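Everything on this sheet refers to the single structure shown next.
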Amino acid sequence: MDNRENANSWLKDLETSYLAGERRRTMSVRICQLLLLAAFFGLWELAGRYKWVDVLLFSYPSKLFQHLWTTLLDGTLLPHVGVTVVETAAGFLLGTLLGAAFAALLWWSPFLSRVLDPYLVVLNSMPKVALGPIFIVSFGSGYTAIIATTLSVTVIITTLVIYNAFRETDANYIKVVRLFGGTRSQVFAKVILPASFPVIVSTLKVNVGLSWVGVIVGEFLAARMGLGYLIIYGFQVFNFTLVLSSLIVIAVVAAAMYQLVSMLETKLTSGRRER
Amino acid sequence: MAAMLKLENVSHAYLGGQGTALAVEDVNLDVLPGEFVSLVGPSGCGKTTILNMLAGLFPPSRGLVLLDGKPVQGPNVRVGYMLQQDYLFPWRTIKSNSMIGFEIRGEQTRDAESKVLELLAELGLDGSADRYPHELSGGMRQRVSLVRTLAGDPDVLLLDEPFSALDMHIKLQLEELVWQTLRKRGKTAVLVTHDLQEAAAMSDKVVVLAANPGRVERVVTVPESIRQAGPEAARKLSDFEQLVEQLWTQVAGKEPDPAGGAANGQ
């Protein structure tokens, strides 16, 4: 009994010191991360103040944040953020949905999938943002053209990834449903779709990043609103404080959106990983 | 007695880009109602092809597959099928997995549900109905798969090496359970297996197939004493070893190296 207790306290000590070490390591990582950030903005600030770099081109942080603060207060910043966020969200949600729908169509008709295969390969390897001008002349310069540009970036790759997941579903699960007399649509609803669900949710995450590319390029080309518009406008009037502050907003909002979708993914697929 | 399952001059070829492969040629087979028949033979002898045709997954290239005197047109409620592994859907509970046959046929009645729960209890799975497959052991999962197959009350069970992925002692337990369950209900069964001891212990009749292309080499009738005993008891009978030996020579006679290996050929 005595031995047992000794053994236990010995284990407890080991565990405590391990956990403390782990906490210390995490802490050091956090401190280094903050130091890097502070060093970056600090050096930038100094470089701007002491004219080591051209302030007209590179501005400096305190000026940027002051600009962001005033535009936040006078209400001119948020509408731009809102427009871009809505366009991006529409882009990745619609992109994932349409991609899944096309993938279902390809799965449904192997003939169609063989017919379309070379076209998908060409479309996938093409830089889709190059189609931007075509969308603007087709849809006019507005939200529709921007969302179309975004979809052109997301839909093809989503289709290919999800279609691949559909095809890689274990044939024996399909056999189970067929053995019970299941039809092709039952095979799809009861096996293919639920088995590919984690892949579909993870394409949502990839599409967040791709949508930002599509939306910003779309706004470069044709927009009166949005963060991409602020950047291109700032560039044209040579106001780089505007350009750089918009970049900072994009970095923050894009990261937040990615985290949100990541959390959604964890929530939707929790308990699905184990087999 | 009229055959429950009948293959008449059945040949099947797989067509594909890499050329045509003749899987089985001119196979004739009768399975009587309530009979337990095993198909054994070297790999490439078309065991699974025959099982799939019996299940109606695809028609034979030539010949006839008959269920109770009528040609098999496709998967049928009267025929159940157990796969090598359980293939339970990981996103469904045990109950929902067991109900899938009813669900597909649109017969999710209260009756069906209570029947499934009864079957689960009978096979020692009570209390697992609301759990997920990954929470169960391999043996339990294969029992759920048996429930799923039995739920629609088929007359015929096709067993495609359902015990091969299990540990030895669980395999023996499950063989006994399946044998008892099928015998009690008077089901007809066709078992595909690599394990000659398993075939000898469970069957009334063992069909030895030869490979390339698959064809019937010989049909061995199991002695009455072994037939009457369950698989566990059968293994202890004096003439059991002799039967396995006989099967082994039949199967091994077709293999390149007849000297190698023990009687429980895997």
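In the structure tokens, chains take the letters A, B, ... in the order shown, each chain's residues start at 1, and ligands count up from 1 in the order shown.
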
Please run DSSP on the backbone and report, as a PDB file with N, CA, C and O atoms, in the first residue's frame, all residues within range 50-219 of chain B that come out as strand (DSSP E or B).
```pdb
ATOM      1  N   ARG B  62     -23.805 -15.932 -69.501  1.00  0.00           N
ATOM      2  CA  ARG B  62     -24.613 -17.000 -70.107  1.00  0.00           C
ATOM      3  C   ARG B  62     -25.173 -17.852 -68.985  1.00  0.00           C
ATOM      4  O   ARG B  62     -24.610 -17.934 -67.911  1.00  0.00           O
ATOM      5  N   GLY B  63     -26.285 -18.527 -69.283  1.00  0.00           N
ATOM      6  CA  GLY B  63     -26.853 -19.446 -68.304  1.00  0.00           C
ATOM      7  C   GLY B  63     -27.911 -18.786 -67.443  1.00  0.00           C
ATOM      8  O   GLY B  63     -28.255 -17.626 -67.650  1.00  0.00           O
ATOM      9  N   LEU B  64     -28.417 -19.556 -66.479  1.00  0.00           N
ATOM     10  CA  LEU B  64     -29.549 -19.112 -65.679  1.00  0.00           C
ATOM     11  C   LEU B  64     -29.241 -19.174 -64.191  1.00  0.00           C
ATOM     12  O   LEU B  64     -28.600 -20.109 -63.730  1.00  0.00           O
ATOM     13  N   VAL B  65     -29.698 -18.145 -63.465  1.00  0.00           N
ATOM     14  CA  VAL B  65     -29.637 -18.176 -62.003  1.00  0.00           C
ATOM     15  C   VAL B  65     -31.080 -18.179 -61.515  1.00  0.00           C
ATOM     16  O   VAL B  65     -31.844 -17.275 -61.838  1.00  0.00           O
ATOM     17  N   LEU B  66     -31.454 -19.213 -60.782  1.00  0.00           N
ATOM     18  CA  LEU B  66     -32.848 -19.337 -60.359  1.00  0.00           C
ATOM     19  C   LEU B  66     -32.961 -19.275 -58.837  1.00  0.00           C
ATOM     20  O   LEU B  66     -32.176 -19.903 -58.120  1.00  0.00           O
ATOM     21  N   LEU B  67     -33.928 -18.490 -58.366  1.00  0.00           N
ATOM     22  CA  LEU B  67     -34.271 -18.468 -56.945  1.00  0.00           C
ATOM     23  C   LEU B  67     -35.669 -19.033 -56.835  1.00  0.00           C
ATOM     24  O   LEU B  67     -36.611 -18.450 -57.385  1.00  0.00           O
ATOM     25  N   LYS B  70     -37.557 -19.311 -60.065  1.00  0.00           N
ATOM     26  CA  LYS B  70     -37.731 -18.131 -60.923  1.00  0.00           C
ATOM     27  C   LYS B  70     -36.384 -17.435 -61.158  1.00  0.00           C
ATOM     28  O   LYS B  70     -35.564 -17.364 -60.241  1.00  0.00           O
ATOM     29  N   PRO B  71     -36.180 -16.939 -62.386  1.00  0.00           N
ATOM     30  CA  PRO B  71     -34.907 -16.279 -62.678  1.00  0.00           C
ATOM     31  C   PRO B  71     -34.678 -15.065 -61.766  1.00  0.00           C
ATOM     32  O   PRO B  71     -35.616 -14.311 -61.487  1.00  0.00           O
ATOM     33  N   VAL B  79     -33.250 -12.543 -50.448  1.00  0.00           N
ATOM     34  CA  VAL B  79     -31.842 -12.921 -50.358  1.00  0.00           C
ATOM     35  C   VAL B  79     -31.071 -11.891 -49.543  1.00  0.00           C
ATOM     36  O   VAL B  79     -31.102 -10.702 -49.843  1.00  0.00           O
ATOM     37  N   GLY B  80     -30.405 -12.351 -48.481  1.00  0.00           N
ATOM     38  CA  GLY B  80     -29.569 -11.464 -47.675  1.00  0.00           C
ATOM     39  C   GLY B  80     -28.099 -11.749 -47.951  1.00  0.00           C
ATOM     40  O   GLY B  80     -27.756 -12.840 -48.404  1.00  0.00           O
ATOM     41  N   TYR B  81     -27.257 -10.757 -47.671  1.00  0.00           N
ATOM     42  CA  TYR B  81     -25.844 -10.886 -48.049  1.00  0.00           C
ATOM     43  C   TYR B  81     -24.994 -10.324 -46.929  1.00  0.00           C
ATOM     44  O   TYR B  81     -25.247  -9.228 -46.441  1.00  0.00           O
ATOM     45  N   MET B  82     -23.996 -11.081 -46.504  1.00  0.00           N
ATOM     46  CA  MET B  82     -23.069 -10.580 -45.492  1.00  0.00           C
ATOM     47  C   MET B  82     -21.687 -10.458 -46.101  1.00  0.00           C
ATOM     48  O   MET B  82     -21.193 -11.400 -46.718  1.00  0.00           O
ATOM     49  N   VAL B 156     -32.809 -16.808 -47.939  1.00  0.00           N
ATOM     50  CA  VAL B 156     -31.474 -17.254 -48.311  1.00  0.00           C
ATOM     51  C   VAL B 156     -30.439 -16.282 -47.784  1.00  0.00           C
ATOM     52  O   VAL B 156     -30.618 -15.066 -47.880  1.00  0.00           O
ATOM     53  N   LEU B 157     -29.360 -16.816 -47.210  1.00  0.00           N
ATOM     54  CA  LEU B 157     -28.257 -15.956 -46.796  1.00  0.00           C
ATOM     55  C   LEU B 157     -27.005 -16.269 -47.584  1.00  0.00           C
ATOM     56  O   LEU B 157     -26.603 -17.416 -47.679  1.00  0.00           O
ATOM     57  N   LEU B 158     -26.411 -15.234 -48.146  1.00  0.00           N
ATOM     58  CA  LEU B 158     -25.151 -15.400 -48.855  1.00  0.00           C
ATOM     59  C   LEU B 158     -24.066 -14.810 -47.971  1.00  0.00           C
ATOM     60  O   LEU B 158     -24.147 -13.652 -47.562  1.00  0.00           O
ATOM     61  N   LEU B 159     -23.063 -15.620 -47.647  1.00  0.00           N
ATOM     62  CA  LEU B 159     -22.039 -15.195 -46.700  1.00  0.00           C
ATOM     63  C   LEU B 159     -20.693 -15.150 -47.413  1.00  0.00           C
ATOM     64  O   LEU B 159     -20.161 -16.187 -47.807  1.00  0.00           O
ATOM     65  N   ASP B 160     -20.170 -13.950 -47.606  1.00  0.00           N
ATOM     66  CA  ASP B 160     -18.913 -13.790 -48.345  1.00  0.00           C
ATOM     67  C   ASP B 160     -17.755 -13.639 -47.356  1.00  0.00           C
ATOM     68  O   ASP B 160     -17.387 -12.526 -46.991  1.00  0.00           O
ATOM     69  N   THR B 188     -31.707 -21.035 -45.794  1.00  0.00           N
ATOM     70  CA  THR B 188     -30.767 -21.603 -46.749  1.00  0.00           C
ATOM     71  C   THR B 188     -29.540 -20.707 -46.778  1.00  0.00           C
ATOM     72  O   THR B 188     -29.684 -19.485 -46.712  1.00  0.00           O
ATOM     73  N   ALA B 189     -28.337 -21.305 -46.856  1.00  0.00           N
ATOM     74  CA  ALA B 189     -27.151 -20.451 -46.824  1.00  0.00           C
ATOM     75  C   ALA B 189     -26.089 -20.921 -47.795  1.00  0.00           C
ATOM     76  O   ALA B 189     -25.921 -22.117 -48.032  1.00  0.00           O
ATOM     77  N   VAL B 190     -25.404 -19.950 -48.383  1.00  0.00           N
ATOM     78  CA  VAL B 190     -24.232 -20.246 -49.199  1.00  0.00           C
ATOM     79  C   VAL B 190     -23.070 -19.456 -48.613  1.00  0.00           C
ATOM     80  O   VAL B 190     -23.139 -18.235 -48.511  1.00  0.00           O
ATOM     81  N   LEU B 191     -22.016 -20.172 -48.201  1.00  0.00           N
ATOM     82  CA  LEU B 191     -20.858 -19.542 -47.577  1.00  0.00           C
ATOM     83  C   LEU B 191     -19.656 -19.645 -48.499  1.00  0.00           C
ATOM     84  O   LEU B 191     -19.331 -20.720 -48.991  1.00  0.00           O
ATOM     85  N   VAL B 192     -19.017 -18.505 -48.744  1.00  0.00           N
ATOM     86  CA  VAL B 192     -17.747 -18.507 -49.460  1.00  0.00           C
ATOM     87  C   VAL B 192     -16.653 -18.391 -48.423  1.00  0.00           C
ATOM     88  O   VAL B 192     -16.730 -17.552 -47.534  1.00  0.00           O
ATOM     89  N   LYS B 205     -22.866 -29.433 -47.409  1.00  0.00           N
ATOM     90  CA  LYS B 205     -22.296 -29.791 -48.702  1.00  0.00           C
ATOM     91  C   LYS B 205     -21.180 -28.789 -48.980  1.00  0.00           C
ATOM     92  O   LYS B 205     -21.355 -27.591 -48.740  1.00  0.00           O
ATOM     93  N   VAL B 206     -20.031 -29.286 -49.413  1.00  0.00           N
ATOM     94  CA  VAL B 206     -18.939 -28.380 -49.760  1.00  0.00           C
ATOM     95  C   VAL B 206     -18.657 -28.499 -51.254  1.00  0.00           C
ATOM     96  O   VAL B 206     -18.430 -29.602 -51.762  1.00  0.00           O
ATOM     97  N   VAL B 207     -18.729 -27.369 -51.941  1.00  0.00           N
ATOM     98  CA  VAL B 207     -18.461 -27.377 -53.374  1.00  0.00           C
ATOM     99  C   VAL B 207     -17.026 -26.917 -53.582  1.00  0.00           C
ATOM    100  O   VAL B 207     -16.669 -25.799 -53.215  1.00  0.00           O
ATOM    101  N   VAL B 208     -16.201 -27.800 -54.144  1.00  0.00           N
ATOM    102  CA  VAL B 208     -14.796 -27.454 -54.385  1.00  0.00           C
ATOM    103  C   VAL B 208     -14.699 -26.927 -55.810  1.00  0.00           C
ATOM    104  O   VAL B 208     -15.097 -27.587 -56.766  1.00  0.00           O
ATOM    105  N   LEU B 209     -14.192 -25.691 -55.926  1.00  0.00           N
ATOM    106  CA  LEU B 209     -14.079 -25.069 -57.240  1.00  0.00           C
ATOM    107  C   LEU B 209     -12.626 -25.092 -57.696  1.00  0.00           C
ATOM    108  O   LEU B 209     -11.704 -25.081 -56.884  1.00  0.00           O
ATOM    109  N   ALA B 210     -12.426 -25.119 -59.008  1.00  0.00           N
ATOM    110  CA  ALA B 210     -11.090 -25.006 -59.582  1.00  0.00           C
ATOM    111  C   ALA B 210     -11.002 -23.648 -60.267  1.00  0.00           C
ATOM    112  O   ALA B 210     -12.020 -23.058 -60.625  1.00  0.00           O
ATOM    113  N   GLY B 214     -13.129 -20.367 -63.281  1.00  0.00           N
ATOM    114  CA  GLY B 214     -13.769 -21.040 -62.163  1.00  0.00           C
ATOM    115  C   GLY B 214     -14.765 -22.080 -62.657  1.00  0.00           C
ATOM    116  O   GLY B 214     -15.560 -21.823 -63.558  1.00  0.00           O
ATOM    117  N   ARG B 215     -14.662 -23.267 -62.100  1.00  0.00           N
ATOM    118  CA  ARG B 215     -15.623 -24.327 -62.436  1.00  0.00           C
ATOM    119  C   ARG B 215     -15.723 -25.277 -61.254  1.00  0.00           C
ATOM    120  O   ARG B 215     -14.839 -25.295 -60.390  1.00  0.00           O
ATOM    121  N   VAL B 216     -16.798 -26.086 -61.235  1.00  0.00           N
ATOM    122  CA  VAL B 216     -16.979 -27.001 -60.117  1.00  0.00           C
ATOM    123  C   VAL B 216     -16.061 -28.197 -60.305  1.00  0.00           C
ATOM    124  O   VAL B 216     -16.099 -28.872 -61.327  1.00  0.00           O
ATOM    125  N   GLU B 217     -15.215 -28.448 -59.303  1.00  0.00           N
ATOM    126  CA  GLU B 217     -14.285 -29.562 -59.368  1.00  0.00           C
ATOM    127  C   GLU B 217     -14.960 -30.817 -58.797  1.00  0.00           C
ATOM    128  O   GLU B 217     -14.907 -31.874 -59.377  1.00  0.00           O
ATOM    129  N   ARG B 218     -15.598 -30.627 -57.665  1.00  0.00           N
ATOM    130  CA  ARG B 218     -16.234 -31.755 -57.000  1.00  0.00           C
ATOM    131  C   ARG B 218     -17.177 -31.236 -55.910  1.00  0.00           C
ATOM    132  O   ARG B 218     -16.939 -30.181 -55.331  1.00  0.00           O
ATOM    133  N   VAL B 219     -18.227 -32.011 -55.638  1.00  0.00           N
ATOM    134  CA  VAL B 219     -19.109 -31.659 -54.534  1.00  0.00           C
ATOM    135  C   VAL B 219     -18.944 -32.719 -53.459  1.00  0.00           C
ATOM    136  O   VAL B 219     -19.128 -33.900 -53.727  1.00  0.00           O
TER     137      VAL B 219
END
```

Exercise: Ile250 in chain A partners within 12 Å, only C-alpha atoms, chain neighbours under 6 positions left out, as an mmCIF file with N, CA and C atoms, in the first residue's frame:
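Just written: around13.cif:
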```cif
data_model
loop_
_atom_site.group_PDB
_atom_site.id
_atom_site.type_symbol
_atom_site.label_atom_id
_atom_site.label_comp_id
_atom_site.auth_asym_id
_atom_site.auth_seq_id
_atom_site.Cartn_x
_atom_site.Cartn_y
_atom_site.Cartn_z
ATOM 1 N N LEU A 77 -15.575 53.639 -43.421
ATOM 2 C CA LEU A 77 -14.834 52.385 -43.601
ATOM 3 C C LEU A 77 -15.757 51.170 -43.647
ATOM 4 N N HIS A 80 -17.520 49.657 -46.766
ATOM 5 C CA HIS A 80 -16.616 48.955 -47.674
ATOM 6 C C HIS A 80 -16.321 47.551 -47.169
ATOM 7 N N VAL A 81 -16.052 47.459 -45.845
ATOM 8 C CA VAL A 81 -15.798 46.145 -45.253
ATOM 9 C C VAL A 81 -17.016 45.242 -45.466
ATOM 10 N N GLY A 82 -18.203 45.797 -45.200
ATOM 11 C CA GLY A 82 -19.437 45.017 -45.317
ATOM 12 C C GLY A 82 -19.608 44.455 -46.714
ATOM 13 N N THR A 84 -17.414 43.895 -49.057
ATOM 14 C CA THR A 84 -16.434 42.863 -49.386
ATOM 15 C C THR A 84 -16.729 41.558 -48.653
ATOM 16 N N VAL A 85 -17.103 41.674 -47.378
ATOM 17 C CA VAL A 85 -17.406 40.469 -46.607
ATOM 18 C C VAL A 85 -18.593 39.728 -47.214
ATOM 19 N N THR A 88 -17.536 38.048 -50.429
ATOM 20 C CA THR A 88 -16.691 36.880 -50.176
ATOM 21 C C THR A 88 -17.513 35.707 -49.647
ATOM 22 N N GLY A 209 -10.293 31.194 -48.750
ATOM 23 C CA GLY A 209 -9.084 31.811 -49.288
ATOM 24 C C GLY A 209 -9.239 32.179 -50.759
ATOM 25 N N TRP A 212 -11.446 35.257 -51.481
ATOM 26 C CA TRP A 212 -10.807 36.556 -51.269
ATOM 27 C C TRP A 212 -10.052 36.984 -52.518
ATOM 28 N N VAL A 213 -9.359 36.041 -53.154
ATOM 29 C CA VAL A 213 -8.643 36.361 -54.398
ATOM 30 C C VAL A 213 -9.637 36.875 -55.442
ATOM 31 N N VAL A 215 -12.714 38.055 -55.112
ATOM 32 C CA VAL A 215 -13.409 39.294 -54.763
ATOM 33 C C VAL A 215 -12.487 40.503 -54.931
ATOM 34 N N ILE A 216 -11.255 40.406 -54.437
ATOM 35 C CA ILE A 216 -10.361 41.564 -54.529
ATOM 36 C C ILE A 216 -10.043 41.883 -55.994
ATOM 37 N N GLY A 226 -16.017 48.597 -51.500
ATOM 38 C CA GLY A 226 -15.283 47.401 -51.126
ATOM 39 C C GLY A 226 -13.819 47.680 -50.877
ATOM 40 N N LEU A 227 -13.164 46.745 -50.183
ATOM 41 C CA LEU A 227 -11.763 46.938 -49.800
ATOM 42 C C LEU A 227 -10.840 46.907 -51.011
ATOM 43 N N GLY A 228 -11.171 46.060 -52.005
ATOM 44 C CA GLY A 228 -10.390 46.020 -53.237
ATOM 45 C C GLY A 228 -10.478 47.366 -53.951
ATOM 46 N N LEU A 230 -10.987 50.280 -52.460
ATOM 47 C CA LEU A 230 -10.181 51.231 -51.682
ATOM 48 C C LEU A 230 -8.709 51.129 -52.067
ATOM 49 N N ILE A 231 -8.234 49.902 -52.257
ATOM 50 C CA ILE A 231 -6.826 49.701 -52.609
ATOM 51 C C ILE A 231 -6.525 50.316 -53.972
ATOM 52 N N VAL A 243 -4.101 52.512 -49.072
ATOM 53 C CA VAL A 243 -3.809 51.171 -49.599
ATOM 54 C C VAL A 243 -3.387 50.239 -48.467
ATOM 55 N N LEU A 244 -2.422 50.686 -47.665
ATOM 56 C CA LEU A 244 -1.875 49.812 -46.622
ATOM 57 C C LEU A 244 -2.875 49.558 -45.499
ATOM 58 N N ALA A 256 -10.210 36.251 -39.562
ATOM 59 C CA ALA A 256 -11.384 35.993 -38.725
ATOM 60 C C ALA A 256 -12.360 35.061 -39.442
ATOM 61 N N MET A 257 -12.580 35.315 -40.736
ATOM 62 C CA MET A 257 -13.518 34.505 -41.503
ATOM 63 C C MET A 257 -13.025 33.062 -41.588
ATOM 64 N N TYR A 258 -11.719 32.894 -41.797
ATOM 65 C CA TYR A 258 -11.143 31.557 -41.895
ATOM 66 C C TYR A 258 -11.323 30.806 -40.585
#
```

Dump as a Markdown table the rows for residues of chain A within 6 Å of chain B: closest atom pair and distance in Å with one decimal, only C-alpha atoms counted, ordered by chain and rising residue number.
```
| residue | atom | partner | partner_atom | distance |
| --- | --- | --- | --- | --- |
| A:Leu179 | CA | B:Pro75 | CA | 5.4 |
| A:Phe180 | CA | B:Gly101 | CA | 5.4 |
| A:Gly181 | CA | B:Pro75 | CA | 5.3 |
| A:Gly182 | CA | B:Ile104 | CA | 5.8 |
| A:Arg275 | CA | B:His134 | CA | 4.9 |
```

Identify all residues of range 80-242 of chain B in helix (DSSP H, G or I) (DSSP on the backbone) and supply them as a PyMOL selection string. chain B and resi 94-98+100-105+110-122+133-135+138-151+168-185+196-202+224-228+231-234+240-242

Which is closer to Gln66 in chain A than all the others in A:Leu242, A:Met263, A:Ala47, A:Ala89, using only C-alpha atoms?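 Using only C-alpha atoms, the shortest distance to Gln66 in chain A belongs to A:Leu242.
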